[in-house]
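A.B. asks: Input: one structure, supplied below.
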Amino acid sequence: MAEYTPMIQQYLTIKADYQDAFLFFRLGDFYELFFDDALEASKELEITLTSRDGGKGNRIPMCGVPHHSSKNYIAQLIGKGFKVAICEQVEDPKTAKGVVKRDVVQIITPGTVMEGSMLDEKANNFIASVTPFENRYGFATCDLSTGECSITLLDEDWKGVCLQIQSVGAKEVIVPSNVDSESRVMLRDQFHLTVSIEDDIEIPEPLHTISEHLDVPEIRESAERLVSYLVRTQKRSLDHLQRFSYVDRSGHMKIDPNSKRNLELVETLRQKQKKGSLLWLLDKTVTAMGGRLLKQWIERPLVQQAQIEERLEIVEAFMQQFFKREEIREQLLEVYDLERLAGKVSYGNVNARDLHQLKRSLQKVPQVKDILLDMDHTGLVERSGKMDPCQELAGLLERAIHEDAPLTIKDGNIIKDGYHEGLDAYRDASVNGKSWIASLEQKEKERTGIRSLKIGYNRIFGYYIECTRSNLHLIDEERYERKQTLANAERFITPELKEKESIILEAEEKSVELEYELFLTIREKVKEYIPKLQLLAKQLSEIDVLQSFAVVSEEGQFCKPQLSEDGTLHIVSGRHPVVEKMMNRQDYVSNDVYMNDEREVILITGPNMAGKSTYMRQVALSSILLQVGCYVPAEKATLPIFDQIFTRIGAADDLAGGQSTFMVEMMETEYALSHATDKSLLLLDEIGRGTSTYDGISLAQSIVEYIHEQIGAKTLFSTHYHELTVLEDSLERLQNVHVKAVEEDGKVVFLHRVEDGKADKSYGIHVAQLAHLPSRLIDRANELLGLFEAKQSDDSSDPATRNEVVNEPSNQLSLFEHEAESKPRQQKGKDQNAVLSHLKELELLTMTPLEAMNALYELQMTLKKDKREESKWVRSNS
Ligand code: ADP
């Protein structure tokens, strides 16, 4: 250490406390990084790596970013999951003795971003903390930008906990140091989370109110760990943090993270985009706060009948009172993000423009209140009554803050005339001084007769009188003092000019200082309103979401659903709202769904691509829509309240997590079976597809039987195993339905219509034909199918016997038997067999369309190569 310069020693001492962050070390107008930080940051940020003398001629690596453009660089590092510790000079370099004192003033981490440009306005930016206890975990989350804090207990295993963190969309997670390194690695590598350690659970006195109501020690400890971390990293007042709300998970419909993904509630499965998700469909909110609340509602549908009905009724009121709804939308459109604004105020980085926006937002509230009051719905009238529009605050801001204040808060022009006498006096002095100077210019022009004489100002000399060289002889040198000589002019000052100048400058300086002070006082005043603003934000965002439901329901021609008491689920002419929206509405075939206690398990058969999975999803989405309080896409619907929804849909392969598709399928099924109750909804799509036929059928059948006998959950089960349709005879609450397809001119036409009964055949070969597999291959497949069917009707339906058909040598028909034996043809037969077996093994469900195209292309190329080989052979033999 001793060999380093005092400044580098200071750097190293500070850095020792911030090992897990890039230390941005303030040096003049730059933030500099040294040693390993410099090596790594120069790569991550693609900036030049240099070096400097660290003492005794040792060069140490260094790189730096200008202070004024540091935000972009910080954003890049945070975006990559790193943390940045901002180290500032904390004393005035002019008066400092020795090395200027420096200290870390803030640690910016992915979960604690406050900078507007780094936040998605319609999504929360959550940071989570997890604290392990004997057989459960405390799970706290906070959005620092809005101050929302919530806490719950999880009884999942570690993987389940990770999935929960991922599904709330947290970017960073805080754990105590006793969480083993394997678990931390899982968070970091499999779930791409920034992991931070916090062992402290003591929080400063002023923040006690946010957690003191949590009386279960485990819950309280988890909450306080999170707050401790925020206090330690942010190093400032966090007055906007709201009391932790305890999320009782039984108070909401549970949708596990897999199901949430599968149902594409907030983003699409493959592209991870909002467009195409349920959230996208429902989002007609006009405020950012409403957008965020909508997302929270979708992730946590209700289960209490009264609350659901209350929301539905408000939506109905907004549907019926169209003009008032439109007026509300118009007013809300101008309401700024009050929640994040409260965060900024508390954080100390609010500027005059933000306050101006706050005023404009508050000025809209009385109108919103009036419209609600005037609506024909008691719930809305009540809500109107509860809104405090904070008009004293709006009045203060109206009197104080300039409409076109600049972004900076230290350069003046923020406070309006008439707000403060002292400020007005300074401004008068400055204005008077300036007009005195203007009249002096006029007087001097007249006195000297120099028309071009002028009075100017610059930072170095202050005010001066300028006279061109050719007029110098007209000047009375006695009165003027020469100050500066230019190429063709001279500049002069006079004692009285200097006297006025000092009055003007002093007034200006003082007024800027005073403005800043006044601004800070106003900001403190706004701070007192934080809880009120947060409450108002909640009230307005709720109205925003409910009006959004009304807009969507109207546009999509949704209907107001009825809640059923006896478990009946009856959807008449239901649709999948997103699939419908993505296509021409006329082309969408609506379908009925009927389930009750006698008709609990629906077994769906039908060709691939017929619409089985769309049908199943539409049931789940309609239930979620009802339970968030929105209308549902149907002509008529009666639905029960589900406690949970589970899905096992499509292929969510977890290759990164090191699990095979089939293993994932089984694990998801296990999760569903072990958690579902008779109040749950289960969607199981093509269970058993990921293994061999006989394994698959056996598993599928036993799963259906298990659900039917042991769980009693409403279940939609789609399968391509036609063998399962016989279950209808033995399981009394099981009903076969099929998605209709018909053959026209030997081709399959999907009708997307769901009818009772089983599918007549599987149409797999027709689908292959639609995919333009070679016609010879299709013929051969039909031929084999004929054989299987004939054999099946001869034998018992025992799959084992059927298996023999395939394996019997006599039936291993060479593919294109009408062709004569020949050498290339033997090779060709092999290739074609290979093509077929490859084709058979393709896991279509796990492939993207592009992968499927590529696979098809390769198969085709193999066959084409055959053709070329053959014609070569024919030519060489002829
Ligand atoms: P499956 O699960 O039977 O393989 P999907 O449910 O994935 O089939 O549906 C395949 C495609 O068919 C969908 O992407 C959609 O374009 C279309 N489709 C499904 N159901 C309908 C419907 N009811 N009306 C119109 N098109 C539909």
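Labels used: A, B, ... for chains in the order of the structure tokens, numbers from 1 for residues in each chain, and numbers from 1 for ligands as shown.
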Stretch 73-190 of chain A: which residues are helix (DSSP H, G or I) by DSSP, as a VMD selection string?
C.D. replies: chain A and resid 73 to 79 116 to 118 158 to 168 181 to 190
A.B. asks: Return as a Markdown table the residues of chain A lying at most 9 Å from ligand 1, together with the closest atom-to-atom pair for each and the distance in Å to one decimal, counting only C-alpha atoms and all ligand atoms, with rows in chain order and ascending residue number.
C.D. replies:
```
| residue | atom | partner | partner_atom_place_in_ligand_line | distance |
| --- | --- | --- | --- | --- |
| A:Gly574 | CA | ligand 1 | 23 (N) | 8.8 |
| A:Arg575 | CA | ligand 1 | 23 (N) | 6.8 |
| A:His576 | CA | ligand 1 | 23 (N) | 7.4 |
| A:Val579 | CA | ligand 1 | 15 (C) | 6.4 |
| A:Glu580 | CA | ligand 1 | 25 (C) | 7.3 |
| A:Met582 | CA | ligand 1 | 16 (O) | 8.6 |
| A:Met583 | CA | ligand 1 | 16 (O) | 7.6 |
| A:Asn584 | CA | ligand 1 | 25 (C) | 9.0 |
| A:Arg585 | CA | ligand 1 | 25 (C) | 8.7 |
| A:Gln586 | CA | ligand 1 | 25 (C) | 8.9 |
| A:Asp587 | CA | ligand 1 | 25 (C) | 5.8 |
| A:Tyr588 | CA | ligand 1 | 24 (N) | 3.7 |
| A:Val589 | CA | ligand 1 | 24 (N) | 3.8 |
| A:Ser590 | CA | ligand 1 | 23 (N) | 5.4 |
| A:Asn591 | CA | ligand 1 | 23 (N) | 6.7 |
| A:Thr605 | CA | ligand 1 | 3 (O) | 8.2 |
| A:Gly606 | CA | ligand 1 | 3 (O) | 6.5 |
| A:Pro607 | CA | ligand 1 | 3 (O) | 6.0 |
| A:Asn608 | CA | ligand 1 | 4 (O) | 3.9 |
| A:Met609 | CA | ligand 1 | 4 (O) | 3.4 |
| A:Ala610 | CA | ligand 1 | 3 (O) | 4.0 |
| A:Gly611 | CA | ligand 1 | 6 (O) | 3.1 |
| A:Lys612 | CA | ligand 1 | 3 (O) | 3.7 |
| A:Ser613 | CA | ligand 1 | 2 (O) | 3.6 |
| A:Thr614 | CA | ligand 1 | 6 (O) | 3.6 |
| A:Tyr615 | CA | ligand 1 | 6 (O) | 6.3 |
| A:Met616 | CA | ligand 1 | 6 (O) | 7.9 |
| A:Arg617 | CA | ligand 1 | 6 (O) | 8.3 |
| A:Gly650 | CA | ligand 1 | 2 (O) | 8.4 |
| A:Asp685 | CA | ligand 1 | 2 (O) | 7.7 |
| A:Glu686 | CA | ligand 1 | 2 (O) | 8.6 |
| A:Ser718 | CA | ligand 1 | 2 (O) | 7.9 |
| A:Val739 | CA | ligand 1 | 3 (O) | 7.6 |
| A:Phe750 | CA | ligand 1 | 12 (O) | 8.1 |
| A:Leu751 | CA | ligand 1 | 24 (N) | 7.6 |
| A:His752 | CA | ligand 1 | 23 (N) | 4.7 |
| A:Arg753 | CA | ligand 1 | 23 (N) | 6.4 |
| A:Val754 | CA | ligand 1 | 23 (N) | 8.3 |
| A:Leu845 | CA | ligand 1 | 4 (O) | 8.9 |
```
A.B. asks: Hey, what's within 12 Å of A:Ser502 if we count only C-alpha atoms and toss same-chain stuff fewer than 4 positions away? As an MDAnalysis selection string, please?
C.D. replies: chainID A and resid 429:430 433:434 461:463 495:498 506:510
A.B. asks: Could you produce a table of the residues of stretch 716-784 of chain A lying within 8 Å of stretch 690-701 of chain A, with the nearest pair of atoms per residue and their separation in Å rounded to one decimal, using only C-alpha atoms, ordered by chain and increasing residue number, as CSV?
C.D. replies:
```
residue,atom,partner,partner_atom,distance
A:Tyr721,CA,A:Ile697,CA,6.7
A:Glu723,CA,A:Ile697,CA,7.8
A:Leu724,CA,A:Gln701,CA,6.5
```
A.B. asks: Using C-alpha atoms, can you write the selected residues to a file as an mmCIF file, in the first residue's frame?
C.D. replies:
```cif
data_model
loop_
_atom_site.group_PDB
_atom_site.id
_atom_site.type_symbol
_atom_site.label_atom_id
_atom_site.label_comp_id
_atom_site.auth_asym_id
_atom_site.auth_seq_id
_atom_site.Cartn_x
_atom_site.Cartn_y
_atom_site.Cartn_z
ATOM 1 C CA TYR A 721 -53.730 -41.081 -28.407
ATOM 2 C CA GLU A 723 -56.866 -45.181 -27.530
ATOM 3 C CA LEU A 724 -57.723 -42.981 -24.565
#
```
A.B. asks: Write out as a ChimeraX atom specification each polymer residue whose atoms come within 9 Å of stretch 521-536 of chain A, counting only C-alpha atoms; drop sequence neighbours fewer than 3 positions from it.
C.D. replies: /A:146-147,239-240,242,338-339,341-343,345-346,348,350-351,355,387-390,393,396-397,400,516-518,539-541
A.B. asks: Within 9 Å of stretch 281-297 of chain A, which residues of stretch 468-554 of chain A come that close, and what is the closest atom pair and distance in Å for each? Count only C-alpha atoms and give it as CSV.
C.D. replies:
```
residue,atom,partner,partner_atom,distance
A:Ala537,CA,A:Met289,CA,7.1
A:Lys538,CA,A:Met289,CA,7.9
A:Leu540,CA,A:Gly290,CA,7.6
A:Ser541,CA,A:Gly290,CA,4.1
A:Glu542,CA,A:Gly290,CA,6.6
A:Ile543,CA,A:Gly290,CA,8.0
A:Asp544,CA,A:Gly290,CA,5.4
A:Val545,CA,A:Gly290,CA,5.5
A:Leu546,CA,A:Thr285,CA,8.6
A:Gln547,CA,A:Thr285,CA,7.5
A:Ser548,CA,A:Lys284,CA,4.7
A:Phe549,CA,A:Leu282,CA,6.5
A:Val551,CA,A:Lys284,CA,6.9
A:Val552,CA,A:Leu282,CA,6.1
A:Ser553,CA,A:Leu282,CA,8.7
```
A.B. asks: Which residue, A:Glu513, A:Asp37, A:Glu466, A:Asp143, has the smallest gap to A:Lys15 when you use only C-alpha atoms?
C.D. replies: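 Ranked by minimum distance to A:Lys15, first place goes to A:Asp37.
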A.B. asks: Please identify all polymer residues within 8 Å of stretch 369-371 of chain A, counting only C-alpha atoms, omitting same-chain residues fewer than 4 positions from it, and present them as a compact mmCIF listing (two decimals) with C-alpha atoms, in the first residue's frame.
C.D. replies:
```txt
# COMPACT_ATOMS: atom_id res chain seq x y z
CA LYS A 324 -68.21 9.76 -19.12
CA GLU A 327 -64.03 12.10 -20.44
CA ILE A 328 -62.22 10.25 -17.69
CA VAL A 365 -58.13 15.38 -10.31
CA MET A 375 -71.70 8.38 -12.60
CA SER A 384 -64.84 9.94 -5.88
CA GLY A 385 -65.57 10.96 -2.30
CA MET A 387 -60.08 11.09 -3.42
```
